[in-house]
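Participant: Next up, run30.cif (mmCIF, C-alpha atoms).
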```
data_work
loop_
_atom_site.label_atom_id
_atom_site.label_comp_id
_atom_site.auth_asym_id
_atom_site.auth_seq_id
_atom_site.Cartn_x
_atom_site.Cartn_y
_atom_site.Cartn_z
CA MET A 1 -2.87 -12.47 -12.84
CA PRO A 2 -5.81 -12.13 -10.40
CA LEU A 3 -7.60 -9.23 -12.11
CA PHE A 4 -11.37 -8.93 -12.18
CA GLU A 5 -13.64 -6.64 -14.17
CA PHE A 6 -16.58 -5.31 -12.16
CA ASN A 7 -19.45 -3.24 -13.53
CA ARG A 8 -17.48 -2.68 -16.73
CA LYS A 9 -14.52 -1.31 -14.76
CA ARG A 10 -11.21 -3.07 -15.27
CA PRO A 11 -7.96 -2.82 -13.34
CA LEU A 12 -5.05 -1.13 -15.11
CA VAL A 13 -1.70 -2.58 -14.10
CA ASP A 14 1.70 -1.47 -15.35
CA GLY A 15 3.57 -4.39 -16.91
CA SER A 16 6.50 -3.95 -14.52
CA ALA A 17 4.38 -4.52 -11.39
CA TRP A 18 4.31 -7.90 -9.63
CA ILE A 19 1.01 -9.17 -8.24
CA SER A 20 0.74 -12.37 -6.23
CA PRO A 21 -1.48 -15.04 -7.79
CA SER A 22 -3.49 -15.13 -4.53
CA ALA A 23 -4.20 -11.38 -4.49
CA GLU A 24 -7.47 -10.00 -5.86
CA ILE A 25 -7.56 -6.78 -7.87
CA ILE A 26 -11.18 -5.86 -8.57
CA GLY A 27 -12.73 -3.08 -10.65
CA ASP A 28 -11.41 0.48 -10.84
CA VAL A 29 -7.85 -0.07 -9.60
CA ARG A 30 -4.72 1.44 -11.16
CA ILE A 31 -1.31 0.05 -10.22
CA GLY A 32 1.89 1.87 -11.16
CA LYS A 33 5.39 0.83 -12.15
CA ARG A 34 7.46 -1.67 -10.15
CA CYS A 35 4.77 -2.15 -7.48
CA TRP A 36 4.73 -5.27 -5.33
CA ILE A 37 1.29 -6.61 -4.35
CA GLY A 38 1.64 -9.44 -1.84
CA PRO A 39 -0.17 -12.72 -1.25
CA ASN A 40 -3.84 -12.44 -0.23
CA ALA A 41 -3.97 -8.66 -0.70
CA VAL A 42 -7.37 -7.38 -1.83
CA LEU A 43 -7.72 -4.09 -3.72
CA ARG A 44 -11.45 -3.64 -4.25
CA GLY A 45 -12.38 -0.80 -6.59
CA ASP A 46 -16.10 -1.55 -6.74
CA PHE A 47 -17.51 1.59 -5.06
CA GLY A 48 -14.57 3.91 -5.73
CA THR A 49 -11.23 4.25 -7.47
CA ILE A 50 -7.93 3.01 -6.04
CA ILE A 51 -4.69 4.44 -7.42
CA ILE A 52 -1.36 2.90 -6.39
CA GLY A 53 1.74 4.98 -7.18
CA ASP A 54 5.01 3.69 -8.61
CA GLU A 55 7.30 1.48 -6.51
CA THR A 56 4.72 0.97 -3.76
CA ALA A 57 4.63 -2.23 -1.72
CA VAL A 58 1.25 -3.58 -0.59
CA GLU A 59 2.20 -6.45 1.70
CA ASP A 60 0.47 -9.72 2.46
CA GLY A 61 -3.18 -9.63 3.50
CA VAL A 62 -3.68 -5.87 3.04
CA ILE A 63 -7.23 -4.79 2.23
CA ILE A 64 -7.80 -1.53 0.36
CA HIS A 65 -11.36 -0.36 -0.25
CA THR A 66 -13.00 3.03 -0.50
CA PRO A 67 -16.40 4.60 -1.03
CA SER A 68 -14.87 7.24 -3.34
CA LEU A 69 -11.16 7.69 -4.17
CA MET A 70 -8.12 6.18 -2.45
CA GLU A 71 -4.78 7.54 -3.68
CA VAL A 72 -1.56 5.86 -2.59
CA GLY A 73 1.57 7.79 -3.52
CA LYS A 74 4.89 6.55 -4.82
CA SER A 75 7.27 4.44 -2.73
CA VAL A 76 4.68 3.80 -0.02
CA THR A 77 4.93 0.68 2.14
CA ILE A 78 1.66 -0.75 3.49
CA GLY A 79 2.42 -3.42 6.09
CA HIS A 80 0.97 -6.90 6.42
CA MET A 81 -2.74 -7.12 7.23
CA ALA A 82 -3.37 -3.35 7.18
CA MET A 83 -6.94 -2.19 6.52
CA ILE A 84 -7.00 0.88 4.28
CA HIS A 85 -10.31 2.73 3.92
CA GLY A 86 -8.86 6.21 3.75
CA ARG A 87 -8.54 8.93 1.17
CA ARG A 88 -4.81 9.38 0.65
CA ILE A 89 -1.40 8.06 1.62
CA MET A 90 1.29 10.47 0.44
CA ASP A 91 4.70 9.59 -1.08
CA TYR A 92 7.20 7.56 0.98
CA ALA A 93 4.81 6.97 3.89
CA VAL A 94 4.73 3.71 5.86
CA ILE A 95 1.57 2.13 7.23
CA GLY A 96 2.52 -0.43 9.88
CA MET A 97 1.32 -4.01 10.11
CA ASN A 98 -2.29 -4.49 11.28
CA SER A 99 -2.98 -0.76 11.19
CA THR A 100 -6.29 0.72 10.11
CA MET A 101 -7.07 3.90 8.18
CA GLY A 102 -10.68 5.01 8.58
CA ASP A 103 -12.81 6.69 5.91
CA SER A 104 -11.40 9.92 4.48
CA SER A 105 -8.21 9.76 6.56
CA VAL A 106 -4.89 11.05 5.20
CA VAL A 107 -1.29 10.10 5.98
CA GLY A 108 1.32 12.67 4.96
CA ALA A 109 4.54 12.22 3.01
CA TRP A 110 7.39 10.46 4.83
CA SER A 111 5.11 9.75 7.79
CA ILE A 112 4.86 6.48 9.66
CA VAL A 113 1.76 4.95 11.20
CA ALA A 114 3.09 2.40 13.70
CA GLU A 115 1.93 -1.21 13.88
CA HIS A 116 -1.60 -1.86 15.23
CA SER A 117 -2.52 1.84 15.08
CA LEU A 118 -5.86 3.40 14.19
CA VAL A 119 -6.00 6.51 12.02
CA LYS A 120 -9.60 7.52 12.65
CA LYS A 121 -12.18 8.70 10.14
CA ASN A 122 -11.22 12.15 8.76
CA GLN A 123 -7.95 12.19 10.77
CA ILE A 124 -4.92 13.75 9.10
CA VAL A 125 -1.37 12.64 9.91
CA PRO A 126 0.91 15.53 8.83
CA ASP A 127 4.09 15.06 6.75
CA CYS A 128 7.21 13.66 8.43
CA LYS A 129 5.55 12.48 11.65
CA LEU A 130 5.40 9.20 13.55
CA TYR A 131 1.91 8.41 14.84
CA ALA A 132 1.02 5.40 16.99
CA GLY A 133 -1.78 4.05 19.14
CA VAL A 134 -5.53 3.68 19.19
CA PRO A 135 -6.42 6.28 18.19
CA ALA A 136 -3.13 7.22 16.52
CA SER A 137 -1.41 10.25 18.04
CA PHE A 138 1.84 12.13 17.47
CA LYS A 139 4.98 10.51 18.91
CA ARG A 140 7.92 12.21 17.16
CA ASP A 141 9.20 13.86 14.00
CA ILE A 142 10.82 11.87 11.18
CA ASP A 143 14.31 13.28 10.58
CA ASP A 144 16.72 12.94 7.63
CA GLN A 145 18.53 9.99 9.22
CA TYR A 146 15.26 8.08 9.59
CA ARG A 147 14.29 8.89 5.99
CA GLU A 148 17.55 7.33 4.78
CA ILE A 149 16.71 4.13 6.66
CA MET A 150 13.19 4.18 5.20
CA LEU A 151 14.61 4.45 1.66
CA LEU A 152 16.68 1.29 2.17
CA GLY A 153 13.57 -0.68 3.09
CA LYS A 154 11.65 0.70 0.15
CA GLN A 155 14.45 -0.23 -2.26
CA MET A 156 14.30 -3.80 -0.95
CA TYR A 157 10.73 -4.08 -2.27
CA VAL A 158 11.63 -2.56 -5.64
CA ASN A 159 14.37 -5.21 -5.91
CA LEU A 160 11.90 -7.87 -4.81
CA VAL A 161 9.61 -7.05 -7.77
CA GLU A 162 12.35 -8.13 -10.17
CA GLN A 163 13.25 -11.21 -8.12
CA TYR A 164 9.62 -12.39 -7.93
CA THR A 165 9.10 -11.68 -11.62
CA ASN A 166 12.17 -13.67 -12.63
CA THR A 167 12.49 -16.45 -10.07
CA LEU A 168 9.13 -17.32 -8.48
CA LYS A 169 7.98 -20.66 -9.85
CA ARG A 170 5.02 -22.73 -8.75
CA ILE A 171 5.99 -26.28 -7.91
CA ASP A 172 3.64 -29.21 -7.60
CA PRO A 173 4.13 -31.91 -4.98
CA VAL A 174 5.71 -35.11 -6.24
#
```
Starting from the file, give its structure as structure tokens.
Facilitator:
Amino acid sequence: MPLFEFNRKRPLVDGSAWISPSAEIIGDVRIGKRCWIGPNAVLRGDFGTIIIGDETAVEDGVIIHTPSLMEVGKSVTIGHMAMIHGRRIMDYAVIGMNSTMGDSSVVGAWSIVAEHSLVKKNQIVPDCKLYAGVPASFKRDIDDQYREIMLLGKQMYVNLVEQYTNTLKRIDPV
């Protein structure tokens, strides 16, 4: 597992989480139950603490870093290549592919930050809202029907943790 101690701070990873061999988990990082950390993701807890809640998916190429504390709630999905430098992502939120969260930004529970969006420094995305654009701005509310669809996608990643744990095997060329 790609875990690195830094300045006497070691990552703490629940045994049920799956972390890609090409990811890097550095320093003061805590990863919860049944999390999926994708290829080339970097969680760098050298300046601050990063906490990843249970059943959260951090997709391929995501970078999470913070000067203080970054809390990611449970069942969050952080899309491919997102840059997370915020303060908090609340439960069940989705951060779209190639999106950026600036310093001290917050994304509320059940909210969605659309692909390629910028949540600016100190910006707060309220609960149950869709924000998009550069800078990210309100587009619509997230209703119960949309939350049901979101839960299906989140369950796919929880299932993927078990599949990767049990079936991923490195093969060498012949």
Participant: Enter the distance from CA of Ser16 (chain A) to CA of Gly86 (chain A), in Å, rounded to one decimal.
Facilitator: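 Atom-to-atom, CA of Ser16 (chain A) to CA of Gly86 (chain A), that is 25.9 Å.
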Participant: Write out as number ranges by chain which residues come within 7 Å of Leu69 (chain A) when counting only C-alpha atoms, dropping same-chain ones fewer than 6 positions away.
Facilitator: A: 48-50, 87
Participant: Could you pull out every residue with an atom within 6 Å of (-13.7, 4.8, 6.4), file coordinates, counting only C-alpha atoms, and send them as a ChimeraX atom specification?
Facilitator: /A:85-86,102-104,121
Participant: Would you give me, as CSV, each residue of region 117-162 of chain A having an atom within 12 Å of an atom of region 166-172 of chain A, along with its shortest atom pair and that distance in Å to one decimal, using only C-alpha atoms and sorting by chain and residue number?
Facilitator:
```
residue,atom,partner,partner_atom,distance
A:Asn159,CA,A:Asn166,CA,11.0
A:Leu160,CA,A:Asn166,CA,9.7
A:Val161,CA,A:Asn166,CA,8.6
A:Glu162,CA,A:Asn166,CA,6.1
```
Participant: Next, dump the selected residues to file, keeping only C-alpha atoms, as an mmCIF file, in the frame of the given file.
Facilitator:
```cif
data_model
loop_
_atom_site.group_PDB
_atom_site.id
_atom_site.type_symbol
_atom_site.label_atom_id
_atom_site.label_comp_id
_atom_site.auth_asym_id
_atom_site.auth_seq_id
_atom_site.Cartn_x
_atom_site.Cartn_y
_atom_site.Cartn_z
ATOM 1 C CA ASN A 159 14.370 -5.210 -5.910
ATOM 2 C CA LEU A 160 11.900 -7.870 -4.810
ATOM 3 C CA VAL A 161 9.610 -7.050 -7.770
ATOM 4 C CA GLU A 162 12.350 -8.130 -10.170
#
```
Participant: Using only C-alpha atoms, pick whichever of A:Val113, A:Met156, A:Lys120, A:Glu59 has the shortest atom-to-atom distance to Arg140 (chain A).
Facilitator: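 Selected residue with least distance to Arg140 (chain A): A:Val113.
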Participant: Between CA of Glu24 (chain A) and CA of Trp36 (chain A), what distance in Å does the model show, to one decimal?
Facilitator: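 Going from CA of Glu24 (chain A) over to CA of Trp36 (chain A), I get 13.1 Å.
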Participant: Env of region 2-7 of chain A: 10 Å cut, atoms = all atoms listed in the file, seq-sep filter 6 positions within chain, self excluded. Answer as a CSV table (one decimal) with C-alpha atoms, keeping the file's coordinate frame.
Facilitator:
```csv
chain,number,residue,atom,x,y,z
A,13,VAL,CA,-1.7,-2.6,-14.1
A,19,ILE,CA,1.0,-9.2,-8.2
A,20,SER,CA,0.7,-12.4,-6.2
A,21,PRO,CA,-1.5,-15.0,-7.8
A,22,SER,CA,-3.5,-15.1,-4.5
A,23,ALA,CA,-4.2,-11.4,-4.5
A,24,GLU,CA,-7.5,-10.0,-5.9
A,25,ILE,CA,-7.6,-6.8,-7.9
A,26,ILE,CA,-11.2,-5.9,-8.6
A,27,GLY,CA,-12.7,-3.1,-10.6
A,28,ASP,CA,-11.4,0.5,-10.8
A,29,VAL,CA,-7.8,-0.1,-9.6
A,42,VAL,CA,-7.4,-7.4,-1.8
A,43,LEU,CA,-7.7,-4.1,-3.7
A,44,ARG,CA,-11.4,-3.6,-4.2
A,45,GLY,CA,-12.4,-0.8,-6.6
A,46,ASP,CA,-16.1,-1.6,-6.7
A,47,PHE,CA,-17.5,1.6,-5.1
```
Participant: Got a sec to resolve the PyMOL selection byres ((chain A and resi 76) around 7) on this structure and send the residues as a VMD selection string?
Facilitator: chain A and resid 56 to 57 73 to 75 77 to 78 91 to 94
Participant: Quick check on the file I pasted: which residues fall under the PyMOL selection byres ((chain A and resi 108) around 12)? Write them as a compact mmCIF listing (two decimals) with C-alpha atoms, in the frame of the given file.
Facilitator:
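What ended up in out_13.txt:
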```txt
# COMPACT_ATOMS: atom_id res chain seq x y z
CA GLU A 71 -4.78 7.54 -3.68
CA VAL A 72 -1.56 5.86 -2.59
CA GLY A 73 1.57 7.79 -3.52
CA VAL A 76 4.68 3.80 -0.02
CA ARG A 87 -8.54 8.93 1.17
CA ARG A 88 -4.81 9.38 0.65
CA ILE A 89 -1.40 8.06 1.62
CA MET A 90 1.29 10.47 0.44
CA ASP A 91 4.70 9.59 -1.08
CA TYR A 92 7.20 7.56 0.98
CA ALA A 93 4.81 6.97 3.89
CA VAL A 94 4.73 3.71 5.86
CA ILE A 95 1.57 2.13 7.23
CA SER A 105 -8.21 9.76 6.56
CA VAL A 106 -4.89 11.05 5.20
CA VAL A 107 -1.29 10.10 5.98
CA ALA A 109 4.54 12.22 3.01
CA TRP A 110 7.39 10.46 4.83
CA SER A 111 5.11 9.75 7.79
CA ILE A 112 4.86 6.48 9.66
CA VAL A 113 1.76 4.95 11.20
CA VAL A 119 -6.00 6.51 12.02
CA GLN A 123 -7.95 12.19 10.77
CA ILE A 124 -4.92 13.75 9.10
CA VAL A 125 -1.37 12.64 9.91
CA PRO A 126 0.91 15.53 8.83
CA ASP A 127 4.09 15.06 6.75
CA CYS A 128 7.21 13.66 8.43
CA LYS A 129 5.55 12.48 11.65
CA LEU A 130 5.40 9.20 13.55
CA TYR A 131 1.91 8.41 14.84
CA ILE A 142 10.82 11.87 11.18
```
Participant: Closest to Ala17 (chain A) among A:Leu152, A:Val158, A:Val62, A:Val174, using all atoms listed in the file?
Facilitator: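 For Ala17 (chain A), the nearest of the candidates is A:Val158.
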Participant: Check the smallest atom-to-atom distance from each of A:Ile51, A:Ile84, A:Val58, A:Ile31 to Tyr157 (chain A) using all atoms listed in the file, then report the winner.
Facilitator: A:Val58
Participant: Between CA of Lys33 (chain A) and CA of Gly79 (chain A), measure the distance and give it in Å to one decimal.
Facilitator: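 Computing the Euclidean distance for CA of Lys33 (chain A) and CA of Gly79 (chain A) yields 19.0 Å.
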Participant: Would you mind putting back N, CA, C and O atoms on region 2-18 of chain A, then writing it out as a PDB file, keeping the file's coordinate frame?
Facilitator:
```pdb
ATOM      1  N   PRO A   2      -4.482 -12.125 -11.021  1.00  0.00           N
ATOM      2  CA  PRO A   2      -5.810 -12.130 -10.400  1.00  0.00           C
ATOM      3  C   PRO A   2      -6.571 -10.817 -10.575  1.00  0.00           C
ATOM      4  O   PRO A   2      -6.868 -10.115  -9.615  1.00  0.00           O
ATOM      5  N   LEU A   3      -6.905 -10.474 -11.815  1.00  0.00           N
ATOM      6  CA  LEU A   3      -7.600  -9.230 -12.110  1.00  0.00           C
ATOM      7  C   LEU A   3      -9.047  -9.531 -12.462  1.00  0.00           C
ATOM      8  O   LEU A   3      -9.325 -10.479 -13.203  1.00  0.00           O
ATOM      9  N   PHE A   4      -9.963  -8.682 -11.956  1.00  0.00           N
ATOM     10  CA  PHE A   4     -11.370  -8.930 -12.180  1.00  0.00           C
ATOM     11  C   PHE A   4     -12.066  -7.645 -12.627  1.00  0.00           C
ATOM     12  O   PHE A   4     -11.954  -6.603 -11.975  1.00  0.00           O
ATOM     13  N   GLU A   5     -12.788  -7.738 -13.745  1.00  0.00           N
ATOM     14  CA  GLU A   5     -13.640  -6.640 -14.170  1.00  0.00           C
ATOM     15  C   GLU A   5     -14.882  -6.645 -13.297  1.00  0.00           C
ATOM     16  O   GLU A   5     -15.409  -7.697 -12.943  1.00  0.00           O
ATOM     17  N   PHE A   6     -15.352  -5.433 -12.952  1.00  0.00           N
ATOM     18  CA  PHE A   6     -16.580  -5.310 -12.160  1.00  0.00           C
ATOM     19  C   PHE A   6     -17.350  -4.105 -12.679  1.00  0.00           C
ATOM     20  O   PHE A   6     -16.815  -3.004 -12.748  1.00  0.00           O
ATOM     21  N   ASN A   7     -18.604  -4.333 -13.040  1.00  0.00           N
ATOM     22  CA  ASN A   7     -19.450  -3.240 -13.530  1.00  0.00           C
ATOM     23  C   ASN A   7     -18.789  -2.480 -14.670  1.00  0.00           C
ATOM     24  O   ASN A   7     -18.791  -1.260 -14.697  1.00  0.00           O
ATOM     25  N   ARG A   8     -18.185  -3.221 -15.569  1.00  0.00           N
ATOM     26  CA  ARG A   8     -17.480  -2.680 -16.730  1.00  0.00           C
ATOM     27  C   ARG A   8     -16.243  -1.863 -16.380  1.00  0.00           C
ATOM     28  O   ARG A   8     -15.729  -1.110 -17.207  1.00  0.00           O
ATOM     29  N   LYS A   9     -15.759  -1.974 -15.152  1.00  0.00           N
ATOM     30  CA  LYS A   9     -14.520  -1.310 -14.760  1.00  0.00           C
ATOM     31  C   LYS A   9     -13.447  -2.374 -14.605  1.00  0.00           C
ATOM     32  O   LYS A   9     -13.648  -3.383 -13.941  1.00  0.00           O
ATOM     33  N   ARG A  10     -12.305  -2.111 -15.253  1.00  0.00           N
ATOM     34  CA  ARG A  10     -11.210  -3.070 -15.270  1.00  0.00           C
ATOM     35  C   ARG A  10      -9.968  -2.468 -14.614  1.00  0.00           C
ATOM     36  O   ARG A  10      -9.662  -1.296 -14.832  1.00  0.00           O
ATOM     37  N   PRO A  11      -9.232  -3.297 -13.883  1.00  0.00           N
ATOM     38  CA  PRO A  11      -7.960  -2.820 -13.340  1.00  0.00           C
ATOM     39  C   PRO A  11      -6.979  -2.488 -14.461  1.00  0.00           C
ATOM     40  O   PRO A  11      -6.982  -3.124 -15.515  1.00  0.00           O
ATOM     41  N   LEU A  12      -6.144  -1.481 -14.211  1.00  0.00           N
ATOM     42  CA  LEU A  12      -5.050  -1.130 -15.110  1.00  0.00           C
ATOM     43  C   LEU A  12      -3.757  -1.321 -14.334  1.00  0.00           C
ATOM     44  O   LEU A  12      -3.549  -0.663 -13.309  1.00  0.00           O
ATOM     45  N   VAL A  13      -2.920  -2.229 -14.827  1.00  0.00           N
ATOM     46  CA  VAL A  13      -1.700  -2.580 -14.100  1.00  0.00           C
ATOM     47  C   VAL A  13      -0.507  -2.386 -15.026  1.00  0.00           C
ATOM     48  O   VAL A  13      -0.474  -2.936 -16.128  1.00  0.00           O
ATOM     49  N   ASP A  14       0.480  -1.620 -14.567  1.00  0.00           N
ATOM     50  CA  ASP A  14       1.700  -1.470 -15.350  1.00  0.00           C
ATOM     51  C   ASP A  14       2.377  -2.835 -15.473  1.00  0.00           C
ATOM     52  O   ASP A  14       2.410  -3.619 -14.516  1.00  0.00           O
ATOM     53  N   GLY A  15       2.942  -3.103 -16.640  1.00  0.00           N
ATOM     54  CA  GLY A  15       3.570  -4.390 -16.910  1.00  0.00           C
ATOM     55  C   GLY A  15       4.771  -4.712 -16.046  1.00  0.00           C
ATOM     56  O   GLY A  15       5.177  -5.871 -15.940  1.00  0.00           O
ATOM     57  N   SER A  16       5.342  -3.702 -15.377  1.00  0.00           N
ATOM     58  CA  SER A  16       6.500  -3.950 -14.520  1.00  0.00           C
ATOM     59  C   SER A  16       6.122  -4.265 -13.081  1.00  0.00           C
ATOM     60  O   SER A  16       6.990  -4.574 -12.263  1.00  0.00           O
ATOM     61  N   ALA A  17       4.840  -4.199 -12.747  1.00  0.00           N
ATOM     62  CA  ALA A  17       4.380  -4.520 -11.390  1.00  0.00           C
ATOM     63  C   ALA A  17       4.338  -6.034 -11.208  1.00  0.00           C
ATOM     64  O   ALA A  17       4.169  -6.784 -12.173  1.00  0.00           O
ATOM     65  N   TRP A  18       4.483  -6.477  -9.953  1.00  0.00           N
ATOM     66  CA  TRP A  18       4.310  -7.900  -9.630  1.00  0.00           C
ATOM     67  C   TRP A  18       3.124  -8.038  -8.697  1.00  0.00           C
ATOM     68  O   TRP A  18       3.039  -7.338  -7.680  1.00  0.00           O
TER      69      TRP A  18
END
```
